[in-house]
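Visitor: Below you'll find start.csv; it's CSV, C-alpha atoms.
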```csv
chain,number,residue,atom,x,y,z
C,16,MET,CA,-105.7,-73.0,37.2
C,17,GLY,CA,-102.1,-72.2,37.2
C,18,LEU,CA,-102.0,-71.4,33.5
C,19,GLU,CA,-104.3,-68.4,33.6
C,20,ALA,CA,-102.4,-67.0,36.5
C,21,ARG,CA,-99.1,-67.2,34.7
C,22,LEU,CA,-100.5,-65.8,31.5
C,23,LYS,CA,-101.9,-62.9,33.4
C,24,SER,CA,-98.7,-62.0,35.2
C,25,GLU,CA,-96.1,-62.9,32.6
C,26,GLY,CA,-98.0,-63.1,29.4
C,27,PHE,CA,-96.0,-66.1,28.1
C,28,ILE,CA,-95.0,-69.7,29.1
C,29,THR,CA,-91.9,-71.6,28.2
C,30,SER,CA,-92.0,-75.1,26.8
C,31,THR,CA,-90.3,-77.2,24.2
C,32,VAL,CA,-91.6,-77.6,20.6
C,33,ASP,CA,-91.9,-81.4,21.2
C,34,ALA,CA,-94.1,-80.9,24.3
C,35,VAL,CA,-96.3,-78.4,22.5
C,36,VAL,CA,-96.7,-80.5,19.4
C,37,ALA,CA,-97.4,-83.7,21.4
C,38,TRP,CA,-99.9,-81.8,23.5
C,39,ALA,CA,-101.7,-80.6,20.4
C,40,ARG,CA,-101.6,-84.0,18.8
C,41,GLU,CA,-102.8,-85.9,21.8
C,42,ASN,CA,-105.8,-83.7,22.4
C,43,SER,CA,-107.0,-83.6,18.8
C,44,VAL,CA,-106.9,-87.3,17.7
C,45,TRP,CA,-109.3,-87.5,14.8
C,46,PRO,CA,-110.6,-91.0,14.4
C,47,MET,CA,-111.3,-92.9,11.2
C,48,PRO,CA,-114.4,-94.9,12.1
C,49,MET,CA,-113.6,-98.2,10.5
C,50,GLY,CA,-116.9,-99.7,11.6
C,51,ILE,CA,-117.2,-103.1,10.1
C,52,SER,CA,-119.7,-104.9,12.4
C,53,CYS,CA,-121.3,-104.7,15.8
C,54,CYS,CA,-118.4,-103.0,17.6
C,55,ALA,CA,-119.3,-100.0,15.5
C,56,ILE,CA,-122.5,-99.6,17.4
C,57,GLU,CA,-120.5,-99.2,20.6
C,58,MET,CA,-118.2,-96.8,18.8
C,59,MET,CA,-121.1,-94.7,17.8
C,60,ALA,CA,-122.4,-94.8,21.4
C,61,SER,CA,-119.1,-93.4,22.6
C,62,GLY,CA,-119.8,-90.3,20.5
C,63,ASP,CA,-123.2,-89.6,22.0
C,64,PRO,CA,-123.8,-87.1,24.9
C,65,ARG,CA,-123.8,-89.8,27.6
C,66,TYR,CA,-120.2,-91.0,26.9
C,67,ASP,CA,-119.2,-87.9,24.9
C,68,ILE,CA,-115.9,-88.7,23.2
C,69,ALA,CA,-115.7,-84.9,22.6
C,70,ARG,CA,-114.3,-84.5,26.1
C,71,PHE,CA,-111.1,-86.0,24.7
C,72,GLY,CA,-111.1,-84.0,21.5
C,73,SER,CA,-111.9,-87.0,19.3
C,74,GLU,CA,-115.5,-86.2,18.3
C,75,VAL,CA,-114.4,-85.4,14.7
C,76,MET,CA,-115.1,-88.7,13.1
C,77,ARG,CA,-113.8,-88.1,9.6
C,78,PHE,CA,-115.1,-90.3,6.8
C,79,THR,CA,-112.1,-89.6,4.6
C,80,PRO,CA,-108.9,-91.3,5.8
C,81,ARG,CA,-106.9,-88.3,4.6
C,82,GLN,CA,-107.9,-86.2,7.6
C,83,CYS,CA,-107.5,-88.9,10.3
C,84,ASP,CA,-104.9,-89.7,12.9
C,85,LEU,CA,-106.4,-92.8,14.5
C,86,MET,CA,-108.0,-95.8,12.9
C,87,ILE,CA,-110.6,-97.5,15.1
C,88,VAL,CA,-111.0,-100.9,13.5
C,89,ALA,CA,-114.4,-101.9,15.0
C,90,GLY,CA,-115.5,-105.3,13.8
C,91,THR,CA,-114.8,-108.6,12.2
C,92,VAL,CA,-112.2,-108.3,9.4
C,93,THR,CA,-112.5,-111.0,6.7
C,94,TYR,CA,-109.7,-111.8,4.3
C,95,LYS,CA,-111.5,-109.9,1.6
C,96,MET,CA,-112.1,-106.8,3.8
C,97,ALA,CA,-108.4,-106.9,5.0
C,98,HIS,CA,-107.3,-105.4,1.7
C,99,VAL,CA,-109.8,-102.5,2.0
C,100,VAL,CA,-108.8,-101.8,5.6
C,101,ARG,CA,-105.1,-101.7,4.6
C,102,LYS,CA,-105.8,-99.5,1.6
C,103,ILE,CA,-107.7,-97.0,3.9
C,104,TYR,CA,-104.9,-97.2,6.5
C,105,ASP,CA,-102.3,-96.4,3.8
C,106,GLN,CA,-104.2,-93.3,2.8
C,107,MET,CA,-104.0,-91.8,6.3
C,108,PRO,CA,-101.2,-89.3,6.8
C,109,ASP,CA,-98.4,-90.0,9.2
C,110,PRO,CA,-98.3,-90.0,12.2
C,111,LYS,CA,-101.1,-92.5,12.7
C,112,TRP,CA,-102.3,-94.9,15.3
C,113,VAL,CA,-104.6,-98.0,15.3
C,114,ILE,CA,-107.0,-99.3,17.9
C,115,ALA,CA,-108.0,-103.0,17.4
C,116,MET,CA,-111.5,-102.7,19.0
C,117,GLY,CA,-113.0,-106.0,20.2
C,118,ALA,CA,-112.2,-109.7,20.2
C,119,CYS,CA,-112.7,-110.3,16.5
C,120,THR,CA,-110.4,-107.6,15.4
C,121,SER,CA,-107.7,-108.5,18.0
C,122,SER,CA,-107.7,-112.2,17.5
C,123,GLY,CA,-110.5,-113.4,15.3
C,124,GLY,CA,-112.7,-113.8,18.4
C,125,MET,CA,-115.4,-116.4,18.1
C,126,TYR,CA,-114.9,-116.6,14.3
C,127,ARG,CA,-112.3,-119.4,14.3
C,128,SER,CA,-112.9,-119.9,10.6
C,129,TYR,CA,-111.2,-119.9,7.2
C,130,ASN,CA,-112.6,-116.5,6.1
C,131,VAL,CA,-111.8,-114.3,9.2
C,132,VAL,CA,-108.3,-112.9,9.8
C,133,GLN,CA,-107.2,-114.1,13.1
C,134,GLY,CA,-106.1,-110.7,14.4
C,135,ILE,CA,-105.5,-107.6,12.3
C,136,ASP,CA,-101.9,-107.4,13.5
C,137,GLN,CA,-101.2,-109.8,10.6
C,138,PHE,CA,-101.4,-106.8,8.2
C,139,LEU,CA,-101.6,-103.6,10.3
C,140,PRO,CA,-99.4,-102.2,13.1
C,141,VAL,CA,-101.7,-102.2,16.1
C,142,ASP,CA,-101.2,-99.8,19.1
C,143,ILE,CA,-104.0,-100.9,21.4
C,144,TYR,CA,-105.8,-104.2,21.6
C,145,LEU,CA,-109.2,-103.5,23.2
C,146,ALA,CA,-110.8,-106.5,24.9
C,147,GLY,CA,-114.6,-107.1,24.9
C,148,CYS,CA,-117.3,-108.5,22.7
C,149,PRO,CA,-118.2,-105.8,22.1
C,150,PRO,CA,-116.3,-103.4,24.4
C,151,ARG,CA,-118.4,-100.8,26.2
C,152,PRO,CA,-118.0,-97.2,25.1
C,153,ASP,CA,-116.0,-96.4,28.3
C,154,ASN,CA,-113.6,-99.1,27.4
C,155,LEU,CA,-113.1,-97.4,24.0
C,156,LEU,CA,-112.5,-94.1,25.8
C,157,ASN,CA,-110.0,-95.8,28.0
C,158,ALA,CA,-108.2,-97.1,24.9
C,159,LEU,CA,-108.3,-93.6,23.5
C,160,MET,CA,-106.7,-92.3,26.7
C,161,GLN,CA,-103.9,-94.9,26.4
C,162,ILE,CA,-103.3,-93.7,22.8
C,163,GLN,CA,-103.1,-90.2,24.1
C,164,ASN,CA,-100.5,-91.2,26.7
C,165,LYS,CA,-98.6,-92.8,23.9
C,166,ILE,CA,-98.8,-89.8,21.6
C,167,GLY,CA,-97.8,-87.5,24.6
C,168,LYS,CA,-94.5,-89.3,24.8
C,169,THR,CA,-93.6,-88.8,21.1
C,170,LYS,CA,-91.3,-86.2,19.7
C,171,ALA,CA,-92.0,-84.1,16.7
C,172,ARG,CA,-89.0,-85.5,14.8
C,173,ASP,CA,-90.0,-89.1,15.4
C,174,PHE,CA,-92.0,-89.1,12.2
C,175,GLN,CA,-89.9,-87.1,9.9
C,176,ASP,CA,-88.2,-90.0,8.1
C,177,LYS,CA,-91.4,-92.0,7.5
C,178,LYS,CA,-91.6,-93.5,4.1
C,179,LEU,CA,-94.7,-92.8,2.1
C,180,PRO,CA,-96.8,-95.8,1.5
C,181,ASP,CA,-97.0,-97.2,-2.0
C,182,LEU,CA,-100.6,-96.5,-2.9
C,183,THR,CA,-100.4,-98.1,-6.4
C,184,VAL,CA,-100.4,-101.6,-4.8
C,185,LEU,CA,-103.7,-102.8,-3.5
B,14,MET,CA,-158.3,-130.8,-1.3
B,15,ASN,CA,-155.3,-130.9,1.0
B,16,LEU,CA,-152.2,-129.7,-0.8
B,17,ARG,CA,-150.1,-132.4,0.8
B,18,GLU,CA,-152.1,-135.0,-1.0
B,19,LEU,CA,-152.7,-132.9,-4.1
B,20,ILE,CA,-149.1,-132.3,-4.9
B,21,PRO,CA,-148.0,-136.0,-5.0
B,22,GLN,CA,-151.1,-136.9,-7.0
B,23,LYS,CA,-150.6,-134.1,-9.6
B,24,LEU,CA,-146.9,-134.7,-10.0
B,25,GLN,CA,-147.4,-138.4,-10.6
B,26,GLU,CA,-150.2,-137.7,-13.1
B,27,LYS,CA,-148.2,-135.1,-15.0
B,28,PHE,CA,-144.8,-136.9,-15.0
B,29,PRO,CA,-145.5,-140.7,-15.0
B,30,GLN,CA,-142.0,-141.5,-16.2
B,31,VAL,CA,-140.3,-139.8,-13.3
B,32,LYS,CA,-139.5,-141.7,-10.1
B,33,PHE,CA,-140.6,-139.6,-7.2
B,34,LYS,CA,-140.0,-140.1,-3.5
B,35,PHE,CA,-142.3,-138.1,-1.2
B,36,VAL,CA,-141.6,-137.6,2.5
B,37,ASP,CA,-144.1,-135.8,4.8
B,38,TYR,CA,-142.2,-135.0,8.0
B,39,ARG,CA,-144.1,-133.0,10.6
B,40,GLY,CA,-146.1,-131.2,8.0
B,41,ASP,CA,-143.2,-130.4,5.7
B,42,LEU,CA,-143.5,-132.1,2.4
B,43,SER,CA,-140.3,-133.1,0.5
B,44,VAL,CA,-140.1,-134.3,-3.1
B,45,GLN,CA,-137.1,-136.2,-4.4
B,46,PHE,CA,-136.4,-136.9,-8.1
B,47,ASP,CA,-133.5,-137.0,-10.6
B,48,LYS,CA,-131.8,-133.9,-11.8
B,49,GLU,CA,-132.8,-134.2,-15.5
B,50,HIS,CA,-136.4,-133.2,-14.5
B,51,ILE,CA,-135.7,-130.1,-12.4
B,52,ILE,CA,-136.7,-127.5,-15.0
B,53,ASN,CA,-139.9,-129.2,-16.1
B,54,ILE,CA,-141.1,-130.0,-12.6
B,55,GLY,CA,-140.1,-126.6,-11.4
B,56,ARG,CA,-142.0,-124.9,-14.2
B,57,PHE,CA,-145.1,-127.1,-13.6
B,58,LEU,CA,-145.1,-126.4,-9.9
B,59,LYS,CA,-144.8,-122.7,-10.6
B,60,GLU,CA,-147.3,-122.4,-13.4
B,61,ASP,CA,-150.1,-124.8,-12.4
B,62,PRO,CA,-153.0,-122.7,-11.4
B,63,GLU,CA,-153.9,-124.9,-8.4
B,64,LEU,CA,-150.3,-124.8,-7.0
B,65,GLU,CA,-148.6,-121.5,-8.0
B,66,PHE,CA,-145.2,-122.0,-6.3
B,67,ARG,CA,-144.1,-118.6,-7.4
B,68,LEU,CA,-141.3,-117.9,-5.0
B,69,CYS,CA,-138.0,-119.8,-4.8
B,70,GLU,CA,-137.0,-119.1,-1.2
B,71,ASP,CA,-133.6,-120.9,-1.1
B,72,VAL,CA,-131.3,-123.0,-3.1
B,73,THR,CA,-128.6,-124.9,-1.3
B,74,ALA,CA,-126.8,-128.2,-1.2
B,75,ILE,CA,-125.8,-131.0,1.2
B,76,ASP,CA,-122.5,-132.6,1.2
B,77,TRP,CA,-123.0,-136.2,2.4
B,78,ALA,CA,-119.2,-136.8,2.4
B,79,GLU,CA,-118.9,-140.5,2.3
B,80,ARG,CA,-122.2,-141.5,0.6
B,81,LYS,CA,-122.2,-143.0,-2.9
B,82,ASN,CA,-123.9,-139.9,-4.3
B,83,ARG,CA,-122.0,-137.1,-2.5
B,84,PHE,CA,-124.2,-134.0,-3.2
B,85,THR,CA,-127.9,-133.3,-2.9
B,86,VAL,CA,-129.2,-130.0,-4.2
B,87,VAL,CA,-132.1,-128.6,-2.2
B,88,TYR,CA,-134.7,-126.1,-3.3
B,89,HIS,CA,-137.2,-124.5,-1.0
B,90,ILE,CA,-140.2,-123.1,-2.9
B,91,PHE,CA,-143.2,-121.3,-1.6
B,92,SER,CA,-146.8,-120.9,-2.8
B,93,MET,CA,-148.1,-117.5,-1.6
B,94,LYS,CA,-151.6,-118.5,-2.8
B,95,HIS,CA,-151.8,-121.4,-0.4
B,96,ASN,CA,-149.2,-120.3,2.2
B,97,PHE,CA,-147.4,-123.6,1.6
B,98,ARG,CA,-143.8,-124.6,1.5
B,99,LEU,CA,-142.3,-127.4,-0.6
B,100,ARG,CA,-138.9,-128.8,-0.5
B,101,LEU,CA,-137.3,-130.3,-3.7
B,102,LYS,CA,-134.4,-132.6,-3.2
B,103,VAL,CA,-132.3,-133.6,-6.2
B,104,PRO,CA,-129.4,-136.0,-5.6
B,105,LEU,CA,-126.5,-135.7,-8.0
B,106,ILE,CA,-125.6,-139.2,-9.1
B,107,GLY,CA,-121.9,-139.9,-9.1
B,108,ASN,CA,-118.8,-139.0,-7.2
B,109,GLU,CA,-116.6,-137.3,-9.8
B,110,GLU,CA,-116.1,-133.5,-10.1
B,111,SER,CA,-117.8,-133.7,-13.5
B,112,ASP,CA,-120.9,-135.1,-11.9
B,113,TYR,CA,-121.5,-132.1,-9.7
B,114,ASP,CA,-123.7,-130.2,-12.1
B,115,ILE,CA,-127.4,-129.4,-12.6
B,116,ASP,CA,-129.5,-127.2,-14.8
B,117,SER,CA,-130.0,-123.7,-13.5
B,118,VAL,CA,-133.6,-122.9,-12.4
B,119,THR,CA,-133.1,-119.2,-13.2
B,120,VAL,CA,-135.3,-119.8,-16.3
B,121,VAL,CA,-138.2,-120.6,-14.0
B,122,TRP,CA,-137.4,-118.5,-10.9
B,123,LYS,CA,-135.3,-115.5,-11.7
B,124,GLY,CA,-134.6,-115.0,-8.0
B,125,ALA,CA,-132.6,-118.2,-7.8
B,126,ASN,CA,-129.7,-116.5,-9.5
B,127,TRP,CA,-127.7,-115.4,-6.5
B,128,MET,CA,-128.7,-118.5,-4.5
B,129,GLU,CA,-127.2,-120.7,-7.2
B,130,ARG,CA,-124.1,-118.5,-7.2
B,131,GLU,CA,-123.8,-119.0,-3.5
B,132,THR,CA,-124.2,-122.7,-3.8
B,133,TYR,CA,-121.6,-122.8,-6.5
B,134,ASP,CA,-119.2,-120.7,-4.4
B,135,MET,CA,-119.6,-122.8,-1.3
B,136,PHE,CA,-120.0,-126.4,-2.7
B,137,GLY,CA,-118.6,-126.2,-6.3
B,138,ILE,CA,-121.8,-127.3,-8.0
B,139,LYS,CA,-122.0,-126.1,-11.5
B,140,PHE,CA,-125.4,-124.7,-12.6
B,141,ASN,CA,-125.7,-125.2,-16.4
B,142,ASN,CA,-127.0,-122.2,-18.4
B,143,HIS,CA,-126.7,-119.9,-15.4
B,144,PRO,CA,-126.5,-116.3,-16.7
B,145,ASP,CA,-123.7,-115.2,-14.4
B,146,LEU,CA,-122.0,-118.1,-12.5
B,147,ARG,CA,-119.4,-116.2,-10.5
B,148,ARG,CA,-118.3,-116.7,-6.9
B,149,MET,CA,-120.5,-114.9,-4.4
B,150,TYR,CA,-118.4,-114.5,-1.2
B,151,MET,CA,-114.9,-115.8,-1.8
B,152,PRO,CA,-112.4,-113.9,-4.0
B,153,GLU,CA,-112.8,-114.8,-7.7
B,154,ASP,CA,-109.4,-116.5,-7.9
B,155,PHE,CA,-110.0,-118.7,-4.9
B,156,GLN,CA,-109.6,-122.4,-5.8
B,157,TYR,CA,-111.5,-124.3,-3.2
B,158,TYR,CA,-115.1,-124.8,-2.0
B,159,PRO,CA,-115.3,-124.0,1.7
B,160,LEU,CA,-118.5,-125.8,2.7
B,161,ARG,CA,-117.3,-129.1,1.4
B,162,LYS,CA,-116.7,-131.6,4.1
B,163,ASP,CA,-113.0,-132.1,3.1
B,164,PHE,CA,-112.2,-128.4,3.4
B,165,PRO,CA,-110.3,-127.8,6.6
B,166,LEU,CA,-112.0,-125.4,9.2
B,167,MET,CA,-109.1,-122.9,9.1
B,168,GLY,CA,-108.8,-123.1,5.3
B,169,ILE,CA,-105.8,-123.8,3.1
B,170,PRO,CA,-102.8,-121.8,4.4
B,171,GLY,CA,-101.7,-119.2,1.9
B,172,SER,CA,-104.8,-119.6,-0.3
B,173,LEU,CA,-106.2,-116.2,0.8
B,174,PRO,CA,-103.5,-113.5,0.5
B,175,LEU,CA,-103.3,-110.7,3.1
B,176,PRO,CA,-101.8,-107.2,2.5
B,177,LYS,CA,-98.1,-106.9,3.5
B,178,LYS,CA,-97.6,-105.5,7.0
B,179,GLU,CA,-95.0,-102.8,5.9
```
Take the structure in this file and express it as structure tokens.
Guide:
Amino acid sequence: MGLEARLKSEGFITSTVDAVVAWARENSVWPMPMGISCCAIEMMASGDPRYDIARFGSEVMRFTPRQCDLMIVAGTVTYKMAHVVRKIYDQMPDPKWVIAMGACTSSGGMYRSYNVVQGIDQFLPVDIYLAGCPPRPDNLLNALMQIQNKIGKTKARDFQDKKLPDLTVL
Amino acid sequence: MNLRELIPQKLQEKFPQVKFKFVDYRGDLSVQFDKEHIINIGRFLKEDPELEFRLCEDVTAIDWAERKNRFTVVYHIFSMKHNFRLRLKVPLIGNEESDYDIDSVTVVWKGANWMERETYDMFGIKFNNHPDLRRMYMPEDFQYYPLRKDFPLMGIPGSLPLPKKE
């Protein structure tokens, strides 16, 4: 690898702050496992040794939103659940990203019905729509890599003016 | 004696004033009667030592939409002693909102509590003297009854609020 050779001969490398920050961010995306229904089973499978989401630095599934960067909404979101999902999303610190995992989450899927939200983009900003019913773990890993590409293009100051969410409103 | 013959016989003996209708379809016995008698008949079926329908398996309703009597409340009860299921069908006479009510059977079968709440939530049938008649699935301030035939598939726009996007 080139890195070790350079460190050995010169002891330092030059880069920009933006590149270093983006590199750190994209390789330590901590997911919030918002497992609501069957897609969550595939999400769990992506954490097992066979698919091993740890290869991408995302094995740290945090069960508190306050330590998360990425929300994986895995499952059918009903109108009642939408308020809970949004509340959890609002508690995540910026910068944050969202994967809409599966057909239900992206578009309501087969639940064309009065009680299922026909796509979570009606109340959340979604970065990746992941097709499948449910998507296989490798699809989820692909979505994660897409998110990493997206994070890699950000600059550190992109997020400095973000308004804090109003947590007093449900 | 076969329970399918015993139940009609016992019910008619015990409640001579009630008009029963018995249907035996492929081994499933259904009993139909008016809603005033639901508590008495339910208690009799549960407590009679030869029947012992101790378990209320389900309470639901049927919306017949255009029929004269729009709703029918249906109870599925089970006798563990005999491994026998019985269906009670109670048509609600009338077509006004005030007609859609029936006495709660929670005084007979405690387990009917949540099933009656579900039926209330989905069909808007009021169960009189129910200990806790709140909605089961839909938000408490929701104003419609989703399983009624006149409820549109995709719901009433704006009746279920979503969080704001930003």
Visitor: Show me a table, sorted first by chain and then by increasing residue number, of the residues of chain C having an atom at most 12 Å from chain B, each with its shortest atom pair and the distance in Å to one decimal, counting all atoms listed in the file and written as JSON lines.
Guide:
```
{"residue": "C:Val92", "atom": "CA", "partner": "B:Leu175", "partner_atom": "CA", "distance": 11.2}
{"residue": "C:Thr93", "atom": "CA", "partner": "B:Leu175", "partner_atom": "CA", "distance": 9.9}
{"residue": "C:Tyr94", "atom": "CA", "partner": "B:Leu175", "partner_atom": "CA", "distance": 6.6}
{"residue": "C:Lys95", "atom": "CA", "partner": "B:Pro152", "partner_atom": "CA", "distance": 6.9}
{"residue": "C:Met96", "atom": "CA", "partner": "B:Leu175", "partner_atom": "CA", "distance": 9.7}
{"residue": "C:Ala97", "atom": "CA", "partner": "B:Leu175", "partner_atom": "CA", "distance": 6.6}
{"residue": "C:His98", "atom": "CA", "partner": "B:Pro176", "partner_atom": "CA", "distance": 5.8}
{"residue": "C:Val99", "atom": "CA", "partner": "B:Pro176", "partner_atom": "CA", "distance": 9.3}
{"residue": "C:Val100", "atom": "CA", "partner": "B:Pro176", "partner_atom": "CA", "distance": 9.4}
{"residue": "C:Arg101", "atom": "CA", "partner": "B:Pro176", "partner_atom": "CA", "distance": 6.7}
{"residue": "C:Lys102", "atom": "CA", "partner": "B:Pro176", "partner_atom": "CA", "distance": 8.7}
{"residue": "C:Ile103", "atom": "CA", "partner": "B:Pro176", "partner_atom": "CA", "distance": 11.9}
{"residue": "C:Tyr104", "atom": "CA", "partner": "B:Lys178", "partner_atom": "CA", "distance": 11.1}
{"residue": "C:Asp105", "atom": "CA", "partner": "B:Glu179", "partner_atom": "CA", "distance": 9.9}
{"residue": "C:Gly123", "atom": "CA", "partner": "B:Met167", "partner_atom": "CA", "distance": 11.4}
{"residue": "C:Tyr126", "atom": "CA", "partner": "B:Met167", "partner_atom": "CA", "distance": 10.0}
{"residue": "C:Arg127", "atom": "CA", "partner": "B:Met167", "partner_atom": "CA", "distance": 7.0}
{"residue": "C:Ser128", "atom": "CA", "partner": "B:Met167", "partner_atom": "CA", "distance": 5.1}
{"residue": "C:Tyr129", "atom": "CA", "partner": "B:Met167", "partner_atom": "CA", "distance": 4.1}
{"residue": "C:Asn130", "atom": "CA", "partner": "B:Gly168", "partner_atom": "CA", "distance": 7.7}
{"residue": "C:Val131", "atom": "CA", "partner": "B:Met167", "partner_atom": "CA", "distance": 9.0}
{"residue": "C:Val132", "atom": "CA", "partner": "B:Leu175", "partner_atom": "CA", "distance": 8.6}
{"residue": "C:Gln133", "atom": "CA", "partner": "B:Met167", "partner_atom": "CA", "distance": 9.9}
{"residue": "C:Gly134", "atom": "CA", "partner": "B:Leu175", "partner_atom": "CA", "distance": 11.6}
{"residue": "C:Ile135", "atom": "CA", "partner": "B:Lys178", "partner_atom": "CA", "distance": 9.7}
{"residue": "C:Asp136", "atom": "CA", "partner": "B:Lys178", "partner_atom": "CA", "distance": 8.0}
{"residue": "C:Gln137", "atom": "CA", "partner": "B:Lys178", "partner_atom": "CA", "distance": 6.7}
{"residue": "C:Phe138", "atom": "CA", "partner": "B:Lys178", "partner_atom": "CA", "distance": 4.2}
{"residue": "C:Leu139", "atom": "CA", "partner": "B:Lys178", "partner_atom": "CA", "distance": 5.5}
{"residue": "C:Pro140", "atom": "CA", "partner": "B:Lys178", "partner_atom": "CA", "distance": 7.2}
{"residue": "C:Val141", "atom": "CA", "partner": "B:Lys178", "partner_atom": "CA", "distance": 10.5}
{"residue": "C:Lys177", "atom": "CA", "partner": "B:Glu179", "partner_atom": "CA", "distance": 11.5}
{"residue": "C:Lys178", "atom": "CA", "partner": "B:Glu179", "partner_atom": "CA", "distance": 10.1}
{"residue": "C:Leu179", "atom": "CA", "partner": "B:Glu179", "partner_atom": "CA", "distance": 10.7}
{"residue": "C:Pro180", "atom": "CA", "partner": "B:Glu179", "partner_atom": "CA", "distance": 8.5}
{"residue": "C:Asp181", "atom": "CA", "partner": "B:Glu179", "partner_atom": "CA", "distance": 9.9}
{"residue": "C:Val184", "atom": "CA", "partner": "B:Pro176", "partner_atom": "CA", "distance": 9.3}
{"residue": "C:Leu185", "atom": "CA", "partner": "B:Pro176", "partner_atom": "CA", "distance": 7.7}
```
Visitor: Can you work out the spacing between CA of Ala37 in chain C and CA of Gly167 in chain C in Å, to one decimal?
Guide: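 About the pair CA of Ala37 in chain C and CA of Gly167 in chain C: they are 5.0 Å apart.
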Visitor: Could you list, as JSON, numbers by chain, every residue within 12 Å of Lys32 in chain B, counting only C-alpha atoms and ignoring same-chain residues fewer than 4 positions away?
Guide: {"B": [21, 24, 25, 26, 27, 28, 44, 45, 46, 47, 48, 49, 50, 103]}
Visitor: Create the file for the chosen residues now, containing C-alpha atoms and written as a compact mmCIF listing (two decimals), in the coordinates of the input.
Guide:
```
# COMPACT_ATOMS: atom_id res chain seq x y z
CA PRO B 21 -148.00 -136.00 -5.00
CA LEU B 24 -146.90 -134.70 -10.00
CA GLN B 25 -147.40 -138.40 -10.60
CA GLU B 26 -150.20 -137.70 -13.10
CA LYS B 27 -148.20 -135.10 -15.00
CA PHE B 28 -144.80 -136.90 -15.00
CA VAL B 44 -140.10 -134.30 -3.10
CA GLN B 45 -137.10 -136.20 -4.40
CA PHE B 46 -136.40 -136.90 -8.10
CA ASP B 47 -133.50 -137.00 -10.60
CA LYS B 48 -131.80 -133.90 -11.80
CA GLU B 49 -132.80 -134.20 -15.50
CA HIS B 50 -136.40 -133.20 -14.50
CA VAL B 103 -132.30 -133.60 -6.20
```
Visitor: Could you jot down the CA of Lys165 in chain C to CA of Glu41 in chain C separation for me, Å, one decimal place?
Guide: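 For CA of Lys165 in chain C relative to CA of Glu41 in chain C, the distance reads 8.3 Å.
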Visitor: Go through C:Thr91, C:Asn164, C:Thr29, C:Asn154 one by one, measure the shortest atom-to-atom distance of each to Ala118 in chain C using all atoms listed in the file, and give the residue with the smallest value.
Guide: C:Thr91
Visitor: One decimal, in Å: what's the spacing between CA of Tyr66 in chain C and CA of Ile143 in chain C?
Guide: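 These two atoms are separated by 19.8 Å.
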Visitor: Produce the centre coordinates and the three edge lengths, each in Å to one decimal, of the box along x, y and z that contains all listed atoms of range 124-133 of chain B with 4 Å added on each side, as JSON.
Guide:
```
{"center_x": -128.1, "center_y": -118.9, "center_z": -6.5, "size_x": 21.0, "size_y": 15.8, "size_z": 14.0}
```
Visitor: Taking (-119.7, -104.6, 14.6) in the file's coordinates as the center, which residues reach within 8 Å of it, counting all atoms listed in the file, put as a PyMOL selection string?
Guide: chain C and resi 50-56+89-91+149
Visitor: Which one of B:Arg80, B:Arg100, B:Arg147, B:Lys123 sits closest to Arg67 in chain B if you count only C-alpha atoms?
Guide: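 Selected residue with least distance to Arg67 in chain B: B:Lys123.
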Visitor: So that I can check the surroundings of Trp45 in chain C, please list as a PyMOL selection string every protein, DNA and RNA residue that reaches within 10 Å of it, counting only C-alpha atoms and ignoring chain neighbours fewer than 6 positions away.
Guide: chain C and resi 72-77+80+82-86+111
